[in-house]
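final_15.txt follows (compact mmCIF, C-alpha atoms):
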# COMPACT_ATOMS: atom_id res chain seq x y z
CA MET Q 1409 0.00 0.00 0.00
CA ALA Q 1410 1.59 3.27 -1.09
CA TYR Q 1411 1.64 6.20 1.31
CA LYS Q 1412 -0.74 8.95 0.15
CA GLY Q 1413 1.41 12.03 0.61
CA ALA Q 1414 3.53 14.15 2.91
CA ASP Q 1415 1.26 17.21 2.78
CA GLU Q 1416 -1.99 15.61 3.91
CA PRO Q 1417 -3.35 16.69 7.30
CA LEU Q 1418 -2.65 14.13 9.97
CA GLY Q 1419 -4.73 13.13 12.97
CA HIS Q 1420 -3.04 12.92 16.35
CA GLY Q 1421 -4.22 12.42 19.89
CA GLY Q 1422 -4.16 15.16 22.47
CA ASP Q 1423 -5.87 17.93 20.51
CA LEU Q 1424 -8.41 19.10 23.08
CA GLY Q 1425 -9.06 22.25 21.06
CA ALA Q 1426 -10.43 20.07 18.26
CA ALA Q 1427 -12.39 18.00 20.77
CA ARG Q 1428 -14.11 21.06 22.19
CA LYS Q 1429 -15.04 22.26 18.69
CA MET Q 1430 -16.41 18.83 17.85
CA PHE Q 1431 -18.33 18.50 21.11
CA PRO Q 1432 -19.14 22.08 22.19
CA GLY Q 1433 -21.60 20.92 24.83
CA GLY Q 1434 -19.26 18.42 26.43
CA PRO Q 1435 -18.82 18.92 30.18
CA GLU Q 1436 -15.57 20.42 31.42
CA PRO Q 1437 -12.91 19.57 32.16
CA PHE Q 1438 -12.50 17.27 29.18
CA VAL Q 1439 -10.94 13.92 30.03
CA ASP Q 1440 -8.26 13.34 27.41
CA LEU Q 1441 -7.88 9.62 26.73
CA SER Q 1442 -6.72 10.13 23.15
CA THR Q 1443 -2.99 9.69 23.78
CA GLY Q 1444 -0.70 6.96 25.08
CA ILE Q 1445 0.96 9.32 27.55
CA ASN Q 1446 1.23 8.38 31.21
CA PRO Q 1447 -1.52 10.47 32.87
CA ILE Q 1448 0.35 10.63 36.19
CA PRO Q 1449 3.66 12.31 35.29
CA TYR Q 1450 6.99 12.16 37.00
CA PRO Q 1451 7.08 14.84 39.73
CA VAL Q 1452 9.04 17.74 38.26
CA PRO Q 1453 11.66 19.01 40.71
CA ALA Q 1454 12.12 22.68 41.52
CA LEU Q 1455 14.24 24.17 38.76
CA SER Q 1456 16.72 27.01 39.00
CA ALA Q 1457 15.85 30.13 37.03
CA ASP Q 1458 19.34 29.89 35.53
CA LEU Q 1459 18.22 26.86 33.50
CA PHE Q 1460 15.86 29.14 31.58
CA ALA Q 1461 18.20 32.12 31.38
CA ARG Q 1462 21.35 30.54 29.95
CA LEU Q 1463 22.24 28.15 27.15
CA PRO Q 1464 22.12 24.43 27.99
CA ASP Q 1465 25.28 23.13 29.64
CA PHE Q 1466 27.30 20.50 27.77
CA THR Q 1467 28.31 18.79 31.01
CA ALA Q 1468 24.63 18.44 31.86
CA LEU Q 1469 24.09 16.83 28.45
CA GLU Q 1470 26.90 14.36 29.16
CA ASN Q 1471 25.29 13.51 32.50
CA LEU Q 1472 21.92 12.90 30.84
CA VAL Q 1473 23.41 10.62 28.21
CA THR Q 1474 25.37 8.68 30.85
CA VAL Q 1475 22.18 7.95 32.76
CA ALA Q 1476 20.34 7.07 29.55
CA VAL Q 1477 22.97 4.42 28.74
CA THR Q 1478 22.01 2.48 31.86
CA THR Q 1479 18.26 3.06 31.59
CA TYR Q 1480 17.96 2.09 27.94
CA GLY Q 1481 20.74 -0.50 27.74
CA ALA Q 1482 22.89 1.16 25.08
CA PRO Q 1483 26.45 -0.13 24.54
CA SER Q 1484 28.00 3.21 25.59
CA ALA Q 1485 27.47 6.96 25.72
CA ARG Q 1486 28.96 7.20 22.22
CA HIS Q 1487 25.93 5.28 20.96
CA ILE Q 1488 23.31 7.81 22.16
CA VAL Q 1489 22.14 11.18 20.88
CA ALA Q 1490 19.66 13.29 22.86
CA ALA Q 1491 17.25 15.69 21.19
CA SER Q 1492 14.10 17.70 21.80
CA GLY Q 1493 11.83 14.72 21.20
CA THR Q 1494 11.89 11.83 18.75
CA GLN Q 1495 9.67 13.81 16.38
CA LEU Q 1496 12.62 16.10 15.73
CA LEU Q 1497 14.91 13.11 15.20
CA LEU Q 1498 12.73 11.35 12.61
CA PRO Q 1499 13.50 13.39 9.47
CA VAL Q 1500 17.14 13.72 10.49
CA ILE Q 1501 17.58 9.95 10.79
CA LEU Q 1502 15.48 9.05 7.75
CA GLY Q 1503 17.50 11.55 5.75
CA LEU Q 1504 20.69 9.61 6.45
CA VAL Q 1505 19.63 7.21 3.68
CA PRO Q 1506 19.70 8.54 0.08
CA PRO Q 1507 16.17 9.00 -1.33
CA GLY Q 1508 14.73 5.68 -2.45
CA ARG Q 1509 12.09 3.24 -1.33
CA ALA Q 1510 11.15 3.22 2.36
CA VAL Q 1511 8.97 0.52 3.88
CA VAL Q 1512 6.82 1.30 6.92
CA LEU Q 1513 5.08 -1.38 8.96
CA ALA Q 1514 1.51 -0.13 9.31
CA PRO Q 1515 -0.85 0.76 10.82
CA THR Q 1516 1.38 2.78 13.10
CA TYR Q 1517 2.38 6.31 14.08
CA VAL Q 1518 1.53 8.36 11.00
CA GLU Q 1519 4.59 10.61 11.25
CA HIS Q 1520 6.92 7.79 10.21
CA ALA Q 1521 5.58 7.71 6.67
CA ARG Q 1522 5.23 11.48 6.47
CA ALA Q 1523 8.79 12.14 7.65
CA ALA Q 1524 10.18 9.61 5.18
CA ALA Q 1525 8.26 11.24 2.33
CA LEU Q 1526 9.40 14.71 3.37
CA VAL Q 1527 13.07 13.75 2.98
CA GLY Q 1528 12.47 12.32 -0.46
CA HIS Q 1529 11.67 8.63 0.00
CA SER Q 1530 8.98 6.77 -1.88
CA VAL Q 1531 7.01 5.21 0.96
CA MET Q 1532 5.35 1.80 0.88
CA GLU Q 1533 3.24 0.64 3.83
CA VAL Q 1534 3.07 -3.08 4.59
CA ARG Q 1535 0.95 -4.93 7.11
CA ASP Q 1536 3.23 -7.76 8.18
CA LEU Q 1537 6.87 -8.04 9.14
CA SER Q 1538 7.39 -10.87 6.67
CA ALA Q 1539 6.61 -8.44 3.84
CA PHE Q 1540 9.97 -6.73 4.49
CA GLY Q 1541 11.60 -9.69 2.81
CA ASP Q 1542 9.33 -9.87 -0.23
CA ALA Q 1543 11.03 -9.76 -3.59
CA GLY Q 1544 9.00 -6.72 -4.58
CA LEU Q 1545 10.59 -4.78 -1.74
CA SER Q 1546 14.11 -5.99 -2.33
CA ASP Q 1547 15.20 -2.54 -3.45
CA ALA Q 1548 14.10 -0.85 -0.20
CA ALA Q 1549 16.99 0.76 1.66
CA LEU Q 1550 14.98 1.92 4.68
CA ALA Q 1551 12.59 0.02 6.95
CA ILE Q 1552 10.67 1.66 9.79
CA LEU Q 1553 8.59 -0.02 12.48
CA THR Q 1554 7.37 0.55 16.02
CA ASN Q 1555 7.96 -2.00 18.77
CA PRO Q 1556 5.64 -2.40 20.67
CA ASN Q 1557 3.49 -1.09 17.87
CA ASN Q 1558 1.04 1.76 18.17
CA PRO Q 1559 -1.95 1.35 18.20
CA ASP Q 1560 -2.27 -2.45 18.30
CA GLY Q 1561 0.60 -3.24 20.69
CA ARG Q 1562 2.15 -5.86 18.41
CA LEU Q 1563 5.50 -6.95 19.80
CA PHE Q 1564 8.23 -8.25 17.51
CA ALA Q 1565 10.87 -10.70 18.67
CA LYS Q 1566 14.48 -9.59 18.62
CA ASP Q 1567 15.53 -12.37 16.24
CA GLU Q 1568 12.83 -11.33 13.75
CA LEU Q 1569 14.09 -7.76 13.75
CA MET Q 1570 17.72 -8.81 13.47
CA ALA Q 1571 16.80 -10.87 10.41
CA VAL Q 1572 15.34 -7.74 8.81
CA ALA Q 1573 18.47 -5.77 9.74
CA LYS Q 1574 20.68 -8.41 8.10
CA LYS Q 1575 18.69 -8.28 4.85
CA LEU Q 1576 18.92 -4.51 4.79
CA ARG Q 1577 22.63 -4.49 5.60
CA SER Q 1578 23.34 -6.67 2.58
CA ARG Q 1579 22.23 -3.75 0.39
CA GLY Q 1580 23.40 -0.87 2.58
CA GLY Q 1581 19.97 -0.29 4.11
CA LEU Q 1582 18.91 1.03 7.53
CA LEU Q 1583 16.42 -0.35 10.04
CA VAL Q 1584 14.75 2.26 12.27
CA VAL Q 1585 12.89 0.88 15.29
CA ASP Q 1586 10.72 3.29 17.25
CA GLU Q 1587 10.59 2.01 20.83
CA ALA Q 1588 8.40 4.83 22.14
CA PHE Q 1589 6.47 2.38 24.34
CA MET Q 1590 9.27 -0.04 25.18
CA ASP Q 1591 9.41 1.34 28.75
CA VAL Q 1592 6.32 -0.82 29.39
CA GLY Q 1593 7.46 -3.68 27.15
CA PRO Q 1594 9.41 -6.82 28.03
CA ALA Q 1595 12.86 -6.02 29.40
CA ASP Q 1596 14.64 -8.23 26.85
CA ALA Q 1597 12.70 -7.06 23.76
CA SER Q 1598 14.59 -3.83 23.06
CA LEU Q 1599 17.14 -3.60 20.26
CA ALA Q 1600 19.05 -0.93 22.19
CA GLY Q 1601 21.89 -3.32 22.94
CA GLU Q 1602 22.11 -4.39 19.29
CA VAL Q 1603 22.76 -1.02 17.63
CA ALA Q 1604 26.46 -1.88 17.29
CA PHE Q 1605 25.34 -4.30 14.55
CA GLY Q 1606 25.80 -1.35 12.25
CA ASN Q 1607 22.57 -0.47 10.46
CA ILE Q 1608 20.06 -0.20 13.32
CA VAL Q 1609 18.77 3.02 14.84
CA VAL Q 1610 16.54 2.81 17.91
CA LEU Q 1611 14.35 5.69 19.04
CA ARG Q 1612 13.39 6.09 22.69
CA SER Q 1613 10.79 8.59 23.86
CA PHE Q 1614 11.03 10.15 27.31
CA GLY Q 1615 7.69 11.95 27.42
CA LYS Q 1616 5.28 9.03 27.09
CA PHE Q 1617 6.30 6.82 29.99
CA PHE Q 1618 7.33 9.70 32.24
CA GLY Q 1619 4.17 11.62 31.36
CA LEU Q 1620 6.09 14.77 30.41
CA ALA Q 1621 5.48 15.03 26.68
CA GLY Q 1622 5.62 18.83 26.84
CA LEU Q 1623 9.22 18.69 28.06
CA ARG Q 1624 10.27 17.47 24.59
CA LEU Q 1625 13.02 14.92 25.11
CA GLY Q 1626 13.97 11.85 23.11
CA PHE Q 1627 16.96 9.73 22.17
CA ALA Q 1628 18.45 8.03 19.14
CA LEU Q 1629 20.63 4.96 19.71
CA ALA Q 1630 23.00 3.98 16.91
CA THR Q 1631 26.62 3.20 16.11
CA PRO Q 1632 29.08 5.93 17.15
CA VAL Q 1633 29.51 6.90 13.49
CA LEU Q 1634 25.78 7.30 12.92
CA ALA Q 1635 25.29 8.94 16.31
CA GLU Q 1636 27.94 11.52 15.46
CA ARG Q 1637 26.28 12.26 12.12
CA ILE Q 1638 22.89 12.70 13.79
CA ALA Q 1639 24.36 14.96 16.47
CA SER Q 1640 26.13 17.11 13.89
CA LEU Q 1641 22.89 17.59 11.95
CA LEU Q 1642 21.05 18.60 15.10
CA GLY Q 1643 23.73 21.10 16.04
CA PRO Q 1644 24.48 22.37 19.55
CA TRP Q 1645 21.84 22.83 22.24
CA ALA Q 1646 19.47 20.20 20.88
CA VAL Q 1647 18.03 19.73 24.39
CA SER Q 1648 16.87 22.55 26.66
CA GLY Q 1649 18.40 23.13 30.08
CA PRO Q 1650 15.19 22.24 31.94
CA ALA Q 1651 14.83 19.02 29.92
CA LEU Q 1652 18.43 18.06 30.75
CA ALA Q 1653 17.82 18.53 34.47
CA VAL Q 1654 14.45 16.78 34.67
CA GLY Q 1655 15.44 13.98 32.29
CA THR Q 1656 18.62 13.14 34.19
CA GLN Q 1657 16.79 12.89 37.51
CA ALA Q 1658 13.86 10.92 36.13
CA LEU Q 1659 15.88 8.38 34.16
CA ALA Q 1660 17.95 7.63 37.26
CA ASP Q 1661 14.91 7.18 39.52
CA ARG Q 1662 14.67 3.39 39.44
CA ALA Q 1663 12.17 3.22 42.29
CA TRP Q 1664 9.71 5.50 40.48
CA ILE Q 1665 10.21 3.63 37.21
CA GLU Q 1666 9.49 0.20 38.71
CA ALA Q 1667 6.53 1.43 40.77
CA THR Q 1668 5.08 3.13 37.69
CA ARG Q 1669 5.31 -0.01 35.59
CA ILE Q 1670 3.30 -1.86 38.22
CA ARG Q 1671 0.76 0.95 38.53
CA LEU Q 1672 0.27 1.17 34.75
CA ALA Q 1673 -0.30 -2.59 34.47
CA GLU Q 1674 -2.95 -2.42 37.18
CA ALA Q 1675 -4.61 0.57 35.51
CA ALA Q 1676 -4.65 -1.20 32.12
CA ASN Q 1677 -6.37 -4.20 33.71
CA ARG Q 1678 -8.98 -1.89 35.22
CA LEU Q 1679 -9.56 -0.23 31.86
CA ASP Q 1680 -9.93 -3.61 30.15
CA ALA Q 1681 -12.61 -4.58 32.66
CA ILE Q 1682 -14.59 -1.41 31.91
CA LEU Q 1683 -14.33 -1.84 28.14
CA ILE Q 1684 -15.12 -5.54 28.10
CA GLY Q 1685 -17.96 -5.03 30.55
CA SER Q 1686 -19.51 -2.59 28.09
CA GLY Q 1687 -19.40 -5.07 25.22
CA LEU Q 1688 -16.17 -4.04 23.49
CA ASP Q 1689 -13.40 -6.37 22.39
CA VAL Q 1690 -9.92 -5.39 23.59
CA VAL Q 1691 -7.73 -6.41 20.65
CA GLY Q 1692 -4.37 -4.95 21.61
CA GLY Q 1693 -2.42 -2.14 23.13
CA THR Q 1694 0.16 -1.64 25.87
CA THR Q 1695 -0.26 -0.74 29.53
CA LEU Q 1696 -0.30 2.93 28.44
CA PHE Q 1697 -3.26 2.51 26.07
CA ARG Q 1698 -5.77 -0.09 24.99
CA LEU Q 1699 -7.13 -0.76 21.51
CA ALA Q 1700 -10.82 -1.59 21.54
CA GLN Q 1701 -12.90 -2.90 18.66
CA SER Q 1702 -16.61 -2.60 18.07
CA ARG Q 1703 -19.00 -2.26 15.17
CA ALA Q 1704 -20.38 0.68 17.13
CA ALA Q 1705 -16.99 2.39 17.55
CA LYS Q 1706 -18.11 5.53 15.71
CA ASP Q 1707 -21.17 5.86 17.91
CA LEU Q 1708 -19.06 5.27 21.01
CA PHE Q 1709 -16.56 7.96 19.99
CA HIS Q 1710 -19.36 10.51 19.74
CA HIS Q 1711 -21.06 9.25 22.90
CA LEU Q 1712 -17.85 9.71 24.87
CA GLY Q 1713 -17.24 13.10 23.30
CA ARG Q 1714 -20.66 14.35 24.37
CA ALA Q 1715 -19.74 13.16 27.87
CA GLY Q 1716 -16.54 15.23 27.75
CA ILE Q 1717 -14.25 12.24 27.16
CA PHE Q 1718 -11.90 12.30 24.17
CA ALA Q 1719 -10.77 8.99 22.64
CA ARG Q 1720 -8.65 8.34 19.53
CA ARG Q 1721 -10.39 7.13 16.40
CA PHE Q 1722 -8.88 5.85 13.15
CA PRO Q 1723 -10.56 6.76 9.83
CA ASP Q 1724 -8.86 3.82 8.08
CA HIS Q 1725 -10.07 1.44 10.80
CA PRO Q 1726 -13.57 2.62 11.74
CA ALA Q 1727 -14.15 -0.26 14.17
CA TRP Q 1728 -11.17 0.78 16.33
CA LEU Q 1729 -10.86 3.15 19.26
CA ARG Q 1730 -7.65 3.70 21.18
CA ILE Q 1731 -8.33 4.63 24.77
CA GLY Q 1732 -5.70 5.84 27.19
CA LEU Q 1733 -5.64 5.72 30.97
CA PRO Q 1734 -7.61 8.18 33.11
CA ALA Q 1735 -5.51 10.25 35.48
CA ALA Q 1736 -7.54 10.50 38.67
CA GLU Q 1737 -10.44 8.65 40.29
CA PRO Q 1738 -13.06 11.22 39.16
CA ASP Q 1739 -11.92 10.63 35.57
CA TRP Q 1740 -12.23 6.87 36.02
CA GLN Q 1741 -15.73 7.34 37.39
CA ARG Q 1742 -16.77 9.54 34.46
CA LEU Q 1743 -15.48 6.97 31.99
CA GLN Q 1744 -17.16 4.08 33.79
CA ALA Q 1745 -20.47 5.93 33.95
CA ALA Q 1746 -20.35 6.87 30.26
CA MET Q 1747 -19.43 3.33 29.24
CA ALA Q 1748 -22.19 1.86 31.39
CA VAL Q 1749 -24.75 4.03 29.60
CA PHE Q 1750 -23.34 3.04 26.23
CA GLY Q 1751 -23.34 -0.62 27.20
CA LYS Q 1752 -27.08 -0.44 27.77
CA THR Q 1753 -27.88 1.50 24.61
CA GLY Q 1754 -25.05 0.75 22.18

Any chance you could give the structure as structure tokens?
Amino acid sequence: MAYKGADEPLGHGGDLGAARKMFPGGPEPFVDLSTGINPIPYPVPALSADLFARLPDFTALENLVTVAVTTYGAPSARHIVAASGTQLLLPVILGLVPPGRAVVLAPTYVEHARAAALVGHSVMEVRDLSAFGDAGLSDAALAILTNPNNPDGRLFAKDELMAVAKKLRSRGGLLVVDEAFMDVGPADASLAGEVAFGNIVVLRSFGKFFGLAGLRLGFALATPVLAERIASLLGPWAVSGPALAVGTQALADRAWIEATRIRLAEAANRLDAILIGSGLDVVGGTTLFRLAQSRAAKDLFHHLGRAGIFARRFPDHPAWLRIGLPAAEPDWQRLQAAMAVFGKTG
């Protein structure tokens, strides 16, 4: 399936302005369940005013990267580049490969295909990992996938991904693996420790698991040669001073990380019970979001919107709704009440 075009408007979660326009009578505050962002963020420490008044410190950047090596399992600090979010990194990394055919495993985060098209690639979307080895795609020099995948939570084994990397390496190609949700994935599923293989770039997102998407912080893991090229394209001060300070503290906070993984798993189980109890099928997801399926998904989206609850719909998959985790008990109660009403009438 060919990608439609880089200039088409894209739908993303988190746009409460659009939600309020769509559902002007919805009760406030809106409950935003349209993203896969942790609704209970890492507690931001008090920050010195100097962090906002002066340029980011290079020693602070080194400290952040050192902590990230341990947290993400990279071979060394020379294998990591920090930036103001993985969104910024996407076109930089995809532009490392001369324009040609790029293959994206879909459905997934729509910016992968758009970023590849923007830097000159002809983008082909495929539905199964095995398609990466099809003869018709043998000229592809770039493969992009998300692991665990968004929105269905598909998880790909390390040996499967390494097989793809080997095929690509034989023709000078690059495998880009977006591990935005790997913080809640199996500990041994990440390719972070395999980037020394040579043609693998792994993306790690800080904002989703730590619930601080507005901080804008992300990482690319690659060989030292590729990492240096990425860093040079980003230029100096690719991460703000406040992001350096908060990111370093959060990534080193093992107690918070482990407790949060447990809390998210419990919350996902609670959400499943609500969805299934209302007649929906839970067909995938991670502990940061669930993917529900129903023939009445369109009606449910509008029902929730009128109740001031914003979910994520997919025009190409009208039977799907992605639903994130409520933040506080009143939000859980609003969701449960709205779903109970729908379960009786839907």

Within 7 Å of segment 1664-1679 of chain Q, counting all atoms listed in the file, which residues show up once you throw out same-chain ones fewer than 6 positions away? Write them as a ChimeraX atom specification, please. /Q:1592,1695-1696,1733

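Of the listed residues Q:Val1518, Q:Val1452, Q:Met1570, Q:Leu1712, the one whose atoms come nearest to Asp1724 of chain Q is Q:Val1518, with distances taken using all atoms listed in the file.
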
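Computed from the coordinates, the atom CA of Asn1558 of chain Q to atom CA of Gly1693 of chain Q distance equals 7.2 Å.
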
Any idea what the distance is between atom CA of Gly1601 of chain Q and atom CA of Ser1484 of chain Q?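 Going from atom CA of Gly1601 of chain Q over to atom CA of Ser1484 of chain Q covers 9.3 Å.
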
Residues within 9 Å of Ile1717 of chain Q, only C-alpha atoms, excluding chain neighbours under 6 positions, as a list in words: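 Within the cut-off, the hits are Ala1427, Gly1434, Pro1435, Pro1437, Phe1438, Val1439, Asp1440, Leu1441, Ser1442, Phe1709, His1711, Asp1739, Arg1742, Leu1743 and Ala1746 of chain Q.
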
Rank Q:Phe1589, Q:Arg1721, Q:Phe1618, Q:Leu1498 by their smallest atom-to-atom distance to Gln1657 of chain Q, using all atoms listed in the file, and report the top residue only.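 The closest residue to Gln1657 of chain Q is Q:Phe1618.
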
Of the candidates Q:Thr1479, Q:Thr1443, Q:Ser1702, Q:Ser1598, which one gets nearest to Gly1655 of chain Q if we count all atoms listed in the file? Q:Thr1479

Between Q:Gly1692, Q:Gly1622, Q:Gly1713, Q:Pro1499, which residue has the minimum interatomic distance to Ile1638 of chain Q, considering only C-alpha atoms?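 Checking each candidate against Ile1638 of chain Q, we get Q:Pro1499 as the closest.
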
Restricting the calculation to all atoms listed in the file: of Q:Ala1653, Q:Ala1454, Q:Val1512, Q:Ala1521, which residue gets closest to Asp1536 of chain Q?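 Ranked by minimum distance to Asp1536 of chain Q, first place goes to Q:Val1512.
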
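Coordinates place atom CA of Phe1605 of chain Q at a distance of 20.7 Å from atom CA of Ser1538 of chain Q.
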
For segment 1507-1527 of chain Q of the block above, can you save N, CA, C and O atoms as a tab-separated table (two decimals), in the first residue's frame?
chain	number	residue	atom	x	y	z
Q	1507	PRO	N	17.56	9.21	-0.92
Q	1507	PRO	CA	16.17	9.00	-1.33
Q	1507	PRO	C	16.00	7.73	-2.15
Q	1507	PRO	O	16.76	7.48	-3.09
Q	1508	GLY	N	15.02	6.95	-1.78
Q	1508	GLY	CA	14.73	5.68	-2.45
Q	1508	GLY	C	13.44	5.14	-1.90
Q	1508	GLY	O	12.55	5.90	-1.50
Q	1509	ARG	N	13.31	3.84	-1.86
Q	1509	ARG	CA	12.09	3.24	-1.33
Q	1509	ARG	C	12.23	3.03	0.18
Q	1509	ARG	O	13.23	2.46	0.65
Q	1510	ALA	N	11.23	3.46	0.93
Q	1510	ALA	CA	11.15	3.22	2.36
Q	1510	ALA	C	9.91	2.38	2.65
Q	1510	ALA	O	8.84	2.63	2.08
Q	1511	VAL	N	10.08	1.40	3.51
Q	1511	VAL	CA	8.97	0.52	3.88
Q	1511	VAL	C	8.60	0.78	5.33
Q	1511	VAL	O	9.47	0.77	6.22
Q	1512	VAL	N	7.32	1.03	5.57
Q	1512	VAL	CA	6.82	1.30	6.92
Q	1512	VAL	C	5.83	0.21	7.30
Q	1512	VAL	O	4.89	-0.08	6.54
Q	1513	LEU	N	6.02	-0.38	8.48
Q	1513	LEU	CA	5.08	-1.38	8.96
Q	1513	LEU	C	3.88	-0.64	9.55
Q	1513	LEU	O	3.99	0.11	10.52
Q	1514	ALA	N	2.72	-0.85	8.94
Q	1514	ALA	CA	1.51	-0.13	9.31
Q	1514	ALA	C	0.39	-1.11	9.70
Q	1514	ALA	O	0.49	-2.30	9.41
Q	1515	PRO	N	-0.63	-0.62	10.39
Q	1515	PRO	CA	-0.85	0.76	10.82
Q	1515	PRO	C	0.05	1.11	12.00
Q	1515	PRO	O	0.33	0.27	12.85
Q	1516	THR	N	0.49	2.35	12.04
Q	1516	THR	CA	1.38	2.78	13.10
Q	1516	THR	C	1.33	4.30	13.21
Q	1516	THR	O	0.45	4.95	12.62
Q	1517	TYR	N	2.27	4.87	13.91
Q	1517	TYR	CA	2.38	6.31	14.08
Q	1517	TYR	C	2.54	6.96	12.71
Q	1517	TYR	O	3.47	6.66	11.96
Q	1518	VAL	N	1.61	7.86	12.37
Q	1518	VAL	CA	1.53	8.36	11.00
Q	1518	VAL	C	2.73	9.21	10.61
Q	1518	VAL	O	3.01	9.39	9.41
Q	1519	GLU	N	3.47	9.74	11.58
Q	1519	GLU	CA	4.59	10.61	11.25
Q	1519	GLU	C	5.77	9.86	10.63
Q	1519	GLU	O	6.63	10.47	10.00
Q	1520	HIS	N	5.83	8.55	10.82
Q	1520	HIS	CA	6.92	7.79	10.21
Q	1520	HIS	C	6.88	7.91	8.68
Q	1520	HIS	O	7.88	8.25	8.04
Q	1521	ALA	N	5.72	7.64	8.12
Q	1521	ALA	CA	5.58	7.71	6.67
Q	1521	ALA	C	5.73	9.14	6.18
Q	1521	ALA	O	6.37	9.40	5.15
Q	1522	ARG	N	5.15	10.08	6.91
Q	1522	ARG	CA	5.23	11.48	6.47
Q	1522	ARG	C	6.67	11.99	6.49
Q	1522	ARG	O	7.11	12.66	5.55
Q	1523	ALA	N	7.40	11.68	7.56
Q	1523	ALA	CA	8.79	12.14	7.65
Q	1523	ALA	C	9.64	11.52	6.55
Q	1523	ALA	O	10.50	12.20	5.97
Q	1524	ALA	N	9.41	10.26	6.25
Q	1524	ALA	CA	10.18	9.61	5.18
Q	1524	ALA	C	9.88	10.27	3.84
Q	1524	ALA	O	10.79	10.50	3.03
Q	1525	ALA	N	8.62	10.58	3.59
Q	1525	ALA	CA	8.26	11.24	2.33
Q	1525	ALA	C	8.85	12.64	2.25
Q	1525	ALA	O	9.29	13.09	1.18
Q	1526	LEU	N	8.88	13.34	3.37
Q	1526	LEU	CA	9.40	14.71	3.37
Q	1526	LEU	C	10.87	14.78	3.00
Q	1526	LEU	O	11.32	15.79	2.45
Q	1527	VAL	N	11.64	13.74	3.33
Q	1527	VAL	CA	13.07	13.75	2.98
Q	1527	VAL	C	13.34	13.04	1.67
Q	1527	VAL	O	14.50	12.74	1.35
